[in-house]
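What follows is the content of work17.cif (mmCIF, C-alpha atoms and all ligand atoms).
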```cif
data_coords
loop_
_atom_site.group_PDB
_atom_site.id
_atom_site.type_symbol
_atom_site.label_atom_id
_atom_site.label_comp_id
_atom_site.auth_asym_id
_atom_site.auth_seq_id
_atom_site.Cartn_x
_atom_site.Cartn_y
_atom_site.Cartn_z
ATOM 1 C CA MET A 1384 -86.286 4.554 -84.702
ATOM 2 C CA THR A 1385 -88.201 3.312 -87.722
ATOM 3 C CA ILE A 1386 -86.808 0.277 -89.504
ATOM 4 C CA THR A 1387 -87.360 0.196 -93.258
ATOM 5 C CA ILE A 1388 -86.520 -2.735 -95.470
ATOM 6 C CA THR A 1389 -86.797 -3.109 -99.217
ATOM 7 C CA ALA A 1390 -88.545 -5.892 -101.098
ATOM 8 C CA PHE A 1391 -89.567 -6.644 -104.671
ATOM 9 C CA GLU A 1392 -92.510 -4.650 -105.908
ATOM 10 C CA LYS A 1393 -93.441 -7.875 -107.695
ATOM 11 C CA SER A 1394 -91.544 -10.959 -106.590
ATOM 12 C CA PRO A 1395 -90.730 -13.508 -109.317
ATOM 13 C CA ASP A 1396 -91.987 -16.279 -106.986
ATOM 14 C CA ARG A 1397 -95.381 -14.543 -106.600
ATOM 15 C CA GLY A 1398 -95.288 -14.767 -102.847
ATOM 16 C CA GLN A 1399 -93.960 -18.255 -102.089
ATOM 17 C CA GLY A 1400 -91.618 -16.638 -99.562
ATOM 18 C CA LEU A 1401 -88.502 -17.465 -101.556
ATOM 19 C CA ALA A 1402 -87.314 -13.875 -101.984
ATOM 20 C CA ARG A 1403 -84.740 -12.963 -99.377
ATOM 21 C CA ASP A 1404 -86.730 -10.151 -97.766
ATOM 22 C CA THR A 1405 -88.634 -13.039 -96.120
ATOM 23 C CA ARG A 1406 -85.541 -13.832 -93.990
ATOM 24 C CA VAL A 1407 -85.324 -10.283 -92.783
ATOM 25 C CA ARG A 1408 -89.061 -10.028 -92.143
ATOM 26 C CA TRP A 1409 -88.850 -13.311 -90.201
ATOM 27 C CA ALA A 1410 -85.956 -12.075 -88.052
ATOM 28 C CA LEU A 1411 -87.788 -8.811 -87.315
ATOM 29 C CA GLU A 1412 -90.912 -10.752 -86.356
ATOM 30 C CA GLU A 1413 -88.902 -13.076 -84.075
ATOM 31 C CA ALA A 1414 -87.396 -9.977 -82.473
ATOM 32 C CA GLY A 1415 -90.793 -8.305 -82.144
ATOM 33 C CA GLN A 1416 -89.675 -5.252 -84.104
ATOM 34 C CA PRO A 1417 -92.155 -3.328 -86.234
ATOM 35 C CA TYR A 1418 -90.874 -2.304 -89.656
ATOM 36 C CA GLU A 1419 -91.862 -0.616 -92.864
ATOM 37 C CA VAL A 1420 -91.326 -1.944 -96.356
ATOM 38 C CA ARG A 1421 -90.325 0.087 -99.396
ATOM 39 C CA LEU A 1422 -91.216 -1.855 -102.523
ATOM 40 C CA VAL A 1423 -88.821 -1.467 -105.443
ATOM 41 C CA SER A 1424 -89.106 -2.418 -109.096
ATOM 42 C CA PHE A 1425 -86.290 -4.243 -110.923
ATOM 43 C CA ARG A 1426 -85.511 -0.969 -112.667
ATOM 44 C CA ALA A 1427 -85.409 1.087 -109.493
ATOM 45 C CA MET A 1428 -83.002 -1.446 -107.917
ATOM 46 C CA LYS A 1429 -80.416 -0.564 -110.539
ATOM 47 C CA GLU A 1430 -80.788 3.215 -110.169
ATOM 48 C CA PRO A 1431 -78.446 5.441 -108.143
ATOM 49 C CA ALA A 1432 -80.784 5.961 -105.183
ATOM 50 C CA HIS A 1433 -80.968 2.227 -104.487
ATOM 51 C CA LEU A 1434 -77.348 1.548 -105.482
ATOM 52 C CA ALA A 1435 -76.298 4.007 -102.789
ATOM 53 C CA ILE A 1436 -77.750 1.568 -100.242
ATOM 54 C CA HIS A 1437 -77.113 -1.700 -102.060
ATOM 55 C CA PRO A 1438 -73.967 -1.643 -104.221
ATOM 56 C CA PHE A 1439 -75.127 -4.707 -106.173
ATOM 57 C CA GLY A 1440 -78.593 -3.364 -106.922
ATOM 58 C CA GLN A 1441 -80.512 -6.052 -105.054
ATOM 59 C CA ILE A 1442 -83.035 -6.497 -102.274
ATOM 60 C CA PRO A 1443 -83.365 -6.636 -99.345
ATOM 61 C CA THR A 1444 -81.813 -3.641 -97.636
ATOM 62 C CA TYR A 1445 -82.260 -2.431 -94.077
ATOM 63 C CA GLU A 1446 -82.358 1.172 -92.906
ATOM 64 C CA GLU A 1447 -82.560 2.390 -89.338
ATOM 65 C CA GLY A 1448 -81.619 6.006 -88.591
ATOM 66 C CA ASP A 1449 -78.172 6.611 -90.085
ATOM 67 C CA LEU A 1450 -77.536 2.929 -90.640
ATOM 68 C CA ALA A 1451 -78.047 1.330 -94.051
ATOM 69 C CA LEU A 1452 -77.233 -2.354 -94.498
ATOM 70 C CA PHE A 1453 -77.328 -4.898 -97.297
ATOM 71 C CA GLU A 1454 -76.682 -8.691 -97.334
ATOM 72 C CA THR A 1455 -79.202 -10.774 -95.432
ATOM 73 C CA GLY A 1456 -76.546 -12.422 -93.266
ATOM 74 C CA ALA A 1457 -75.374 -9.046 -92.007
ATOM 75 C CA ILE A 1458 -78.899 -7.716 -91.601
ATOM 76 C CA VAL A 1459 -80.139 -10.729 -89.636
ATOM 77 C CA LEU A 1460 -77.000 -10.673 -87.490
ATOM 78 C CA HIS A 1461 -77.546 -6.988 -86.745
ATOM 79 C CA ILE A 1462 -81.134 -7.671 -85.698
ATOM 80 C CA ALA A 1463 -80.067 -10.693 -83.630
ATOM 81 C CA GLU A 1464 -77.350 -8.737 -81.855
ATOM 82 C CA HIS A 1465 -79.669 -5.912 -80.877
ATOM 83 C CA HIS A 1466 -82.743 -7.833 -79.790
ATOM 84 C CA ALA A 1467 -83.386 -10.885 -77.671
ATOM 85 C CA GLY A 1468 -84.522 -14.207 -79.062
ATOM 86 C CA LEU A 1469 -82.224 -14.951 -81.963
ATOM 87 C CA LEU A 1470 -78.826 -15.600 -80.368
ATOM 88 C CA PRO A 1471 -77.953 -17.444 -77.165
ATOM 89 C CA ASP A 1472 -76.470 -15.493 -74.228
ATOM 90 C CA ASP A 1473 -73.580 -17.901 -73.724
ATOM 91 C CA ALA A 1474 -70.602 -16.547 -75.714
ATOM 92 C CA ASN A 1475 -69.561 -19.886 -77.199
ATOM 93 C CA ALA A 1476 -73.101 -20.898 -78.121
ATOM 94 C CA ARG A 1477 -73.533 -17.457 -79.705
ATOM 95 C CA ALA A 1478 -70.389 -17.906 -81.783
ATOM 96 C CA ARG A 1479 -71.588 -21.336 -82.917
ATOM 97 C CA ALA A 1480 -74.991 -19.945 -83.919
ATOM 98 C CA ILE A 1481 -73.189 -17.302 -86.004
ATOM 99 C CA SER A 1482 -71.144 -20.094 -87.637
ATOM 100 C CA TRP A 1483 -74.416 -21.624 -88.778
ATOM 101 C CA MET A 1484 -75.488 -18.293 -90.260
ATOM 102 C CA PHE A 1485 -72.294 -18.201 -92.302
ATOM 103 C CA ALA A 1486 -72.654 -21.870 -93.217
ATOM 104 C CA ALA A 1487 -76.146 -21.153 -94.532
ATOM 105 C CA VAL A 1488 -75.084 -18.382 -96.910
ATOM 106 C CA ASN A 1489 -71.543 -19.469 -97.651
ATOM 107 C CA THR A 1490 -71.640 -23.271 -97.774
ATOM 108 C CA VAL A 1491 -75.213 -24.419 -98.334
ATOM 109 C CA GLU A 1492 -76.683 -21.606 -100.423
ATOM 110 C CA PRO A 1493 -74.056 -21.490 -103.229
ATOM 111 C CA PRO A 1494 -74.838 -24.917 -104.756
ATOM 112 C CA ILE A 1495 -78.549 -24.136 -104.433
ATOM 113 C CA LEU A 1496 -78.018 -20.904 -106.358
ATOM 114 C CA ASP A 1497 -76.096 -22.841 -108.985
ATOM 115 C CA LEU A 1498 -79.235 -24.832 -109.638
ATOM 116 C CA VAL A 1499 -81.189 -21.672 -110.388
ATOM 117 C CA THR A 1500 -78.380 -20.523 -112.672
ATOM 118 C CA ALA A 1501 -78.239 -23.903 -114.417
ATOM 119 C CA LYS A 1502 -81.994 -24.098 -114.928
ATOM 120 C CA ILE A 1503 -82.928 -20.529 -115.682
ATOM 121 C CA LEU A 1504 -79.917 -18.556 -116.883
ATOM 122 C CA GLU A 1505 -78.190 -21.434 -118.673
ATOM 123 C CA GLY A 1506 -81.241 -23.547 -119.465
ATOM 124 C CA ASP A 1507 -80.958 -22.851 -123.197
ATOM 125 C CA LYS A 1508 -77.279 -23.803 -123.494
ATOM 126 C CA PRO A 1509 -76.513 -27.028 -125.348
ATOM 127 C CA TRP A 1510 -74.620 -28.421 -122.330
ATOM 128 C CA SER A 1511 -77.291 -27.480 -119.812
ATOM 129 C CA MET A 1512 -78.900 -30.938 -119.526
ATOM 130 C CA GLU A 1513 -75.513 -32.536 -119.050
ATOM 131 C CA ARG A 1514 -74.537 -30.108 -116.290
ATOM 132 C CA LEU A 1515 -77.773 -30.281 -114.309
ATOM 133 C CA PRO A 1516 -77.163 -33.672 -112.596
ATOM 134 C CA LEU A 1517 -73.730 -32.478 -111.433
ATOM 135 C CA VAL A 1518 -75.228 -29.391 -109.863
ATOM 136 C CA GLN A 1519 -78.029 -31.407 -108.248
ATOM 137 C CA ASP A 1520 -75.552 -33.915 -106.818
ATOM 138 C CA ARG A 1521 -73.471 -31.139 -105.287
ATOM 139 C CA ILE A 1522 -76.578 -29.975 -103.452
ATOM 140 C CA ARG A 1523 -77.362 -33.531 -102.315
ATOM 141 C CA HIS A 1524 -73.844 -33.896 -100.984
ATOM 142 C CA ARG A 1525 -74.238 -30.797 -98.810
ATOM 143 C CA LEU A 1526 -77.695 -31.821 -97.650
ATOM 144 C CA ARG A 1527 -76.477 -35.273 -96.650
ATOM 145 C CA GLN A 1528 -73.802 -33.645 -94.482
ATOM 146 C CA LEU A 1529 -76.266 -31.196 -92.975
ATOM 147 C CA ALA A 1530 -78.886 -33.897 -92.318
ATOM 148 C CA SER A 1531 -76.258 -36.029 -90.640
ATOM 149 C CA ARG A 1532 -75.278 -33.168 -88.309
ATOM 150 C CA LEU A 1533 -78.894 -32.285 -87.503
ATOM 151 C CA GLY A 1534 -79.698 -35.927 -86.739
ATOM 152 C CA GLY A 1535 -82.917 -36.132 -84.774
ATOM 153 C CA ALA A 1536 -82.592 -32.684 -83.199
ATOM 154 C CA ASP A 1537 -85.116 -29.925 -83.717
ATOM 155 C CA TRP A 1538 -82.506 -27.233 -84.371
ATOM 156 C CA LEU A 1539 -78.841 -27.164 -85.338
ATOM 157 C CA ASP A 1540 -77.380 -26.273 -81.942
ATOM 158 C CA GLY A 1541 -79.760 -26.316 -79.013
ATOM 159 C CA LEU A 1542 -82.508 -23.739 -79.124
ATOM 160 C CA PHE A 1543 -83.751 -22.046 -82.314
ATOM 161 C CA SER A 1544 -81.357 -19.283 -83.354
ATOM 162 C CA ALA A 1545 -80.558 -16.918 -86.201
ATOM 163 C CA GLY A 1546 -78.453 -19.799 -87.564
ATOM 164 C CA ASP A 1547 -81.594 -21.899 -87.956
ATOM 165 C CA LEU A 1548 -83.506 -18.973 -89.401
ATOM 166 C CA MET A 1549 -80.918 -18.467 -92.137
ATOM 167 C CA MET A 1550 -80.474 -22.187 -92.800
ATOM 168 C CA ALA A 1551 -84.192 -22.953 -92.941
ATOM 169 C CA HIS A 1552 -84.783 -20.114 -95.369
ATOM 170 C CA VAL A 1553 -81.882 -21.151 -97.577
ATOM 171 C CA LEU A 1554 -83.269 -24.712 -97.684
ATOM 172 C CA LEU A 1555 -86.796 -23.559 -98.265
ATOM 173 C CA ARG A 1556 -85.692 -22.046 -101.554
ATOM 174 C CA LEU A 1557 -84.902 -25.572 -102.703
ATOM 175 C CA ARG A 1558 -88.416 -26.880 -102.256
ATOM 176 C CA PRO A 1559 -89.647 -26.195 -105.816
ATOM 177 C CA SER A 1560 -86.852 -28.444 -107.162
ATOM 178 C CA GLY A 1561 -88.088 -31.473 -105.183
ATOM 179 C CA ILE A 1562 -84.596 -32.076 -103.736
ATOM 180 C CA LEU A 1563 -85.533 -30.964 -100.217
ATOM 181 C CA ASP A 1564 -88.113 -33.741 -100.003
ATOM 182 C CA GLU A 1565 -85.403 -36.332 -100.662
ATOM 183 C CA PHE A 1566 -84.204 -35.458 -97.133
ATOM 184 C CA PRO A 1567 -87.192 -35.940 -94.820
ATOM 185 C CA GLY A 1568 -85.242 -34.811 -91.749
ATOM 186 C CA LEU A 1569 -84.375 -31.503 -93.405
ATOM 187 C CA ALA A 1570 -87.857 -31.093 -94.873
ATOM 188 C CA ALA A 1571 -89.225 -31.494 -91.321
ATOM 189 C CA TYR A 1572 -86.619 -28.980 -90.060
ATOM 190 C CA VAL A 1573 -87.807 -26.406 -92.603
ATOM 191 C CA ALA A 1574 -91.433 -27.167 -91.716
ATOM 192 C CA ARG A 1575 -90.609 -26.521 -88.025
ATOM 193 C CA GLY A 1576 -89.249 -23.125 -89.040
ATOM 194 C CA GLU A 1577 -92.327 -22.364 -91.104
ATOM 195 C CA ALA A 1578 -94.585 -23.371 -88.195
ATOM 196 C CA ARG A 1579 -93.166 -20.607 -85.995
ATOM 197 C CA PRO A 1580 -95.674 -17.785 -85.519
ATOM 198 C CA ALA A 1581 -93.006 -15.232 -86.513
ATOM 199 C CA TYR A 1582 -92.408 -16.994 -89.829
ATOM 200 C CA LYS A 1583 -96.142 -17.189 -90.479
ATOM 201 C CA ARG A 1584 -96.493 -13.435 -89.983
ATOM 202 C CA ALA A 1585 -93.498 -12.744 -92.229
ATOM 203 C CA PHE A 1586 -94.850 -15.065 -94.895
ATOM 204 C CA ALA A 1587 -98.331 -13.544 -94.772
ATOM 205 C CA ASP A 1588 -96.933 -10.029 -95.095
ATOM 206 C CA GLN A 1589 -94.844 -10.797 -98.163
ATOM 207 C CA LEU A 1590 -97.761 -12.739 -99.665
ATOM 208 C CA ALA A 1591 -100.033 -9.754 -99.216
ATOM 209 C CA VAL A 1592 -97.692 -7.795 -101.513
ATOM 210 C CA ASN A 1593 -97.372 -10.528 -104.127
ATOM 211 C CA LYS A 1594 -100.741 -12.238 -104.135
ATOM 212 C CA PRO A 1595 -102.020 -12.573 -107.710
ATOM 213 C CA ALA A 1596 -104.722 -10.026 -108.404
ATOM 214 C CA HIS A 1597 -108.315 -11.271 -108.061
ATOM 215 C CA GLY A 1598 -108.990 -13.775 -110.834
ATOM 216 C CA GLY A 1599 -105.305 -14.709 -111.153
ATOM 217 C CA ARG A 1600 -102.535 -13.395 -113.407
HETATM 218 N N1 LIG B 1701 -76.274 -12.330 -100.968
HETATM 219 C C1 LIG B 1701 -77.393 -11.424 -101.064
HETATM 220 C C2 LIG B 1701 -78.241 -11.821 -102.258
HETATM 221 C C3 LIG B 1701 -79.314 -10.812 -102.555
HETATM 222 C C4 LIG B 1701 -80.135 -11.228 -103.774
HETATM 223 O O1 LIG B 1701 -79.696 -12.023 -104.616
HETATM 224 N N2 LIG B 1701 -81.340 -10.670 -103.873
HETATM 225 C C5 LIG B 1701 -82.217 -11.023 -104.979
HETATM 226 C C6 LIG B 1701 -83.642 -11.214 -104.495
HETATM 227 S S1 LIG B 1701 -83.842 -12.580 -103.429
HETATM 228 C C7 LIG B 1701 -82.259 -9.881 -105.979
HETATM 229 O O2 LIG B 1701 -82.315 -8.730 -105.605
HETATM 230 N N3 LIG B 1701 -82.273 -10.213 -107.264
HETATM 231 C C8 LIG B 1701 -82.393 -9.263 -108.317
HETATM 232 C C9 LIG B 1701 -81.086 -8.959 -108.969
HETATM 233 O O3 LIG B 1701 -80.043 -9.490 -108.570
HETATM 234 O O4 LIG B 1701 -81.132 -8.159 -109.923
HETATM 235 C C10 LIG B 1701 -78.190 -11.435 -99.744
HETATM 236 O O5 LIG B 1701 -78.220 -12.487 -99.076
HETATM 237 O O6 LIG B 1701 -78.765 -10.397 -99.374
#
```
I'd like the structure from this file rewritten - as structure tokens, please.
Amino acid sequence: MTITITAFEKSPDRGQGLARDTRVRWALEEAGQPYEVRLVSFRAMKEPAHLAIHPFGQIPTYEEGDLALFETGAIVLHIAEHHAGLLPDDANARARAISWMFAAVNTVEPPILDLVTAKILEGDKPWSMERLPLVQDRIRHRLRQLASRLGGADWLDGLFSAGDLMMAHVLLRLRPSGILDEFPGLAAYVARGEARPAYKRAFADQLAVNKPAHGGR
């Protein structure tokens, strides 16, 4: 059955891999599953056809036969549950890997998103400069905890899993802020994720869509 995902027709990051379709592409590459991509404009994302698949008018989505999914955590979990390579066989190890997936989107990503909100959406507010250090420190607090748990290990719990895939991609979105580099252990963790052949293929594919036209934009 053909798998079709959606992605930005033109990603605001111009192909740095920060848009969340990269997570789904990465999971599909790890699982060795071919897929098609339907590119959508910001306008099309808010129209009924897309809202029928994604109630919040966002990307990415995932369609396979009768199944339509949204939310990257759910999509990556679906892929990981149906194909080898992203979740351990042992039931307890599997449950722990899924905990890391939730931790990525529910505990680590929210303060990182706050930074985007503080800088971009609220950047012109008079209190914005005062708020920014608070938001940045909340991220640092989480990263300190995460770095302490990771310690000197390559991955969060044994072998690479969907938990690492989600966490590495969540952290990667922090790179432009410079905060990731304050945590060399986590920066190296993200780099290990990016060095995986599956990530490289996913990255190259999203870049091919978003590469600035010849001569730059
Ligand atoms: N929690 C959602 C977030 C999805 C999301 O925020 N997608 C962004 C792109 S990375 C988007 O579509 N932004 C455009 C918008 O919200 O209008 C997930 O993990 O799938």
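Across the model, the gap from atom CA of Leu1529 of chain A to atom CA of Gly1541 of chain A is 15.2 Å.
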Once the PyMOL selection byres (((not hetatm)) within 6 of (chain B and resi 1701)) is applied to the coordinates I shared, what remains selected? I want it as an MDAnalysis selection string.
chainID A and resid 1402:1403 1441:1443 1454:1455
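Pairwise distance (atom CA of Gly1546 of chain A, atom CA of Ile1436 of chain A) equals 24.9 Å.
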If you count only C-alpha atoms, which residues fall within 10 Å of His1461 of chain A, apart from same-chain ones fewer than 6 positions away, as a list of chain:residue names?
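The filter keeps A:Ala1410, A:Tyr1445, A:Leu1452, A:Thr1455.
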Determine the residue membership of the PyMOL selection byres (((chain A and resi 1427-1435) around 12) and not hetatm) for the file above and supply it as a PyMOL selection string.
chain A and resi 1388-1392+1421-1426+1436-1446+1451-1453
Provide the atom CA of Asp1507 of chain A to atom CA of Asp1396 of chain A distance in Å, to one decimal place.
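If I compute the distance from atom CA of Asp1507 of chain A to atom CA of Asp1396 of chain A, I get 20.7 Å.
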Compare A:Ala1574, A:Ile1481, A:Ala1474, A:Val1488 by their minimum atom-to-atom distance to Arg1558 of chain A, counting only C-alpha atoms, and give me the closest one.
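Nearest to Arg1558 of chain A: A:Ala1574.
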Identify, on the basis of all atoms listed in the file, every residue whose closest approach to Arg1521 of chain A does not exceed 9 Å; exclude the query and any residue fewer than 5 positions from it along the same chain; express the result as a list in words.
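Result of the neighbour search: Pro1494, Ile1495, Pro1516 and Leu1526 of chain A.
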Evaluate the PyMOL selection byres (((chain A and resi 1590-1596) around 12) and not hetatm) on the structure here and hand back the selected residues as a PyMOL selection string.
chain A and resi 1390-1402+1404-1405+1408+1420-1423+1582-1589+1597-1600
Using the file's own x, y and z axes, what box holds all listed atoms of segment 1524-1529 of chain A with 3 Å on each side, keeping edges along x, y and z, and what are its centre and edge lengths in Å to one decimal, as AutoDock Vina command-line options?
```
--center_x -75.7 --center_y -33.0 --center_z -97.0 --size_x 9.9 --size_y 10.5 --size_z 14.0
```
Which of A:Met1549, A:Leu1542, A:Ala1570, A:Leu1504 sits closest to Leu1470 of chain A [using only C-alpha atoms]
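Of all the options, A:Leu1542 lies closest to Leu1470 of chain A.
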So, with only C-alpha atoms as the atoms that count, which of A:Lys1508, A:Arg1556, A:Arg1479, A:Arg1523 lies closest to Arg1406 of chain A?
A:Arg1556
Reconstructed N, CA and C atoms for segment 1560-1593 of chain A, given as an mmCIF file, in the coordinates of the input:
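Produced file rebuild00.cif, reproduced below:
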```cif
data_model
loop_
_atom_site.group_PDB
_atom_site.id
_atom_site.type_symbol
_atom_site.label_atom_id
_atom_site.label_comp_id
_atom_site.auth_asym_id
_atom_site.auth_seq_id
_atom_site.Cartn_x
_atom_site.Cartn_y
_atom_site.Cartn_z
ATOM 1 N N SER A 1560 -87.632 -27.480 -106.367
ATOM 2 C CA SER A 1560 -86.852 -28.444 -107.162
ATOM 3 C C SER A 1560 -87.184 -29.886 -106.801
ATOM 4 N N GLY A 1561 -87.794 -30.112 -105.631
ATOM 5 C CA GLY A 1561 -88.088 -31.473 -105.183
ATOM 6 C C GLY A 1561 -86.951 -32.088 -104.376
ATOM 7 N N ILE A 1562 -85.759 -31.456 -104.407
ATOM 8 C CA ILE A 1562 -84.596 -32.076 -103.736
ATOM 9 C C ILE A 1562 -84.748 -32.071 -102.214
ATOM 10 N N LEU A 1563 -85.371 -31.032 -101.681
ATOM 11 C CA LEU A 1563 -85.533 -30.964 -100.217
ATOM 12 C C LEU A 1563 -86.288 -32.195 -99.703
ATOM 13 N N ASP A 1564 -87.293 -32.613 -100.457
ATOM 14 C CA ASP A 1564 -88.113 -33.741 -100.003
ATOM 15 C C ASP A 1564 -87.372 -35.072 -100.049
ATOM 16 N N GLU A 1565 -86.215 -35.102 -100.698
ATOM 17 C CA GLU A 1565 -85.403 -36.332 -100.662
ATOM 18 C C GLU A 1565 -84.764 -36.502 -99.282
ATOM 19 N N PHE A 1566 -84.821 -35.449 -98.467
ATOM 20 C CA PHE A 1566 -84.204 -35.458 -97.133
ATOM 21 C C PHE A 1566 -85.291 -35.155 -96.101
ATOM 22 N N PRO A 1567 -86.034 -36.184 -95.690
ATOM 23 C CA PRO A 1567 -87.192 -35.940 -94.820
ATOM 24 C C PRO A 1567 -86.833 -35.210 -93.527
ATOM 25 N N GLY A 1568 -85.636 -35.487 -92.987
ATOM 26 C CA GLY A 1568 -85.242 -34.811 -91.749
ATOM 27 C C GLY A 1568 -85.093 -33.304 -91.972
ATOM 28 N N LEU A 1569 -84.548 -32.931 -93.115
ATOM 29 C CA LEU A 1569 -84.375 -31.503 -93.405
ATOM 30 C C LEU A 1569 -85.702 -30.858 -93.805
ATOM 31 N N ALA A 1570 -86.537 -31.628 -94.515
ATOM 32 C CA ALA A 1570 -87.857 -31.093 -94.873
ATOM 33 C C ALA A 1570 -88.647 -30.804 -93.589
ATOM 34 N N ALA A 1571 -88.512 -31.695 -92.597
ATOM 35 C CA ALA A 1571 -89.225 -31.494 -91.321
ATOM 36 C C ALA A 1571 -88.625 -30.300 -90.565
ATOM 37 N N TYR A 1572 -87.312 -30.126 -90.695
ATOM 38 C CA TYR A 1572 -86.619 -28.980 -90.060
ATOM 39 C C TYR A 1572 -87.161 -27.664 -90.636
ATOM 40 N N VAL A 1573 -87.267 -27.609 -91.958
ATOM 41 C CA VAL A 1573 -87.807 -26.406 -92.603
ATOM 42 C C VAL A 1573 -89.258 -26.198 -92.165
ATOM 43 N N ALA A 1574 -90.022 -27.284 -92.116
ATOM 44 C CA ALA A 1574 -91.433 -27.167 -91.716
ATOM 45 C C ALA A 1574 -91.545 -26.640 -90.277
ATOM 46 N N ARG A 1575 -90.587 -27.047 -89.409
ATOM 47 C CA ARG A 1575 -90.609 -26.521 -88.025
ATOM 48 C C ARG A 1575 -90.379 -25.010 -88.038
ATOM 49 N N GLY A 1576 -89.488 -24.570 -88.910
ATOM 50 C CA GLY A 1576 -89.249 -23.125 -89.040
ATOM 51 C C GLY A 1576 -90.518 -22.419 -89.510
ATOM 52 N N GLU A 1577 -91.133 -22.998 -90.527
ATOM 53 C CA GLU A 1577 -92.327 -22.364 -91.104
ATOM 54 C C GLU A 1577 -93.507 -22.364 -90.134
ATOM 55 N N ALA A 1578 -93.477 -23.289 -89.161
ATOM 56 C CA ALA A 1578 -94.585 -23.371 -88.195
ATOM 57 C C ALA A 1578 -94.463 -22.301 -87.107
ATOM 58 N N ARG A 1579 -93.331 -21.628 -87.036
ATOM 59 C CA ARG A 1579 -93.166 -20.607 -85.995
ATOM 60 C C ARG A 1579 -94.086 -19.419 -86.295
ATOM 61 N N PRO A 1580 -94.752 -18.904 -85.284
ATOM 62 C CA PRO A 1580 -95.674 -17.785 -85.519
ATOM 63 C C PRO A 1580 -94.981 -16.602 -86.224
ATOM 64 N N ALA A 1581 -93.718 -16.362 -85.889
ATOM 65 C CA ALA A 1581 -93.006 -15.232 -86.513
ATOM 66 C C ALA A 1581 -92.840 -15.465 -88.011
ATOM 67 N N TYR A 1582 -92.538 -16.709 -88.393
ATOM 68 C CA TYR A 1582 -92.408 -16.994 -89.829
ATOM 69 C C TYR A 1582 -93.754 -16.796 -90.520
ATOM 70 N N LYS A 1583 -94.805 -17.283 -89.860
ATOM 71 C CA LYS A 1583 -96.142 -17.189 -90.479
ATOM 72 C C LYS A 1583 -96.519 -15.726 -90.737
ATOM 73 N N ARG A 1584 -96.178 -14.855 -89.781
ATOM 74 C CA ARG A 1584 -96.493 -13.435 -89.983
ATOM 75 C C ARG A 1584 -95.672 -12.868 -91.138
ATOM 76 N N ALA A 1585 -94.384 -13.237 -91.162
ATOM 77 C CA ALA A 1585 -93.498 -12.744 -92.229
ATOM 78 C C ALA A 1585 -94.003 -13.222 -93.587
ATOM 79 N N PHE A 1586 -94.374 -14.491 -93.635
ATOM 80 C CA PHE A 1586 -94.850 -15.065 -94.895
ATOM 81 C C PHE A 1586 -96.123 -14.352 -95.360
ATOM 82 N N ALA A 1587 -97.053 -14.172 -94.420
ATOM 83 C CA ALA A 1587 -98.331 -13.544 -94.772
ATOM 84 C C ALA A 1587 -98.103 -12.118 -95.290
ATOM 85 N N ASP A 1588 -97.163 -11.414 -94.686
ATOM 86 C CA ASP A 1588 -96.933 -10.029 -95.095
ATOM 87 C C ASP A 1588 -96.340 -9.949 -96.496
ATOM 88 N N GLN A 1589 -95.400 -10.863 -96.804
ATOM 89 C CA GLN A 1589 -94.844 -10.797 -98.163
ATOM 90 C C GLN A 1589 -95.868 -11.303 -99.183
ATOM 91 N N LEU A 1590 -96.726 -12.231 -98.751
ATOM 92 C CA LEU A 1590 -97.761 -12.739 -99.665
ATOM 93 C C LEU A 1590 -98.769 -11.639 -100.003
ATOM 94 N N ALA A 1591 -99.057 -10.825 -98.997
ATOM 95 C CA ALA A 1591 -100.033 -9.754 -99.216
ATOM 96 C C ALA A 1591 -99.559 -8.811 -100.329
ATOM 97 N N VAL A 1592 -98.243 -8.669 -100.461
ATOM 98 C CA VAL A 1592 -97.692 -7.795 -101.513
ATOM 99 C C VAL A 1592 -97.784 -8.487 -102.872
ATOM 100 N N ASN A 1593 -97.584 -9.808 -102.859
ATOM 101 C CA ASN A 1593 -97.372 -10.528 -104.127
ATOM 102 C C ASN A 1593 -98.544 -11.374 -104.601
#
```
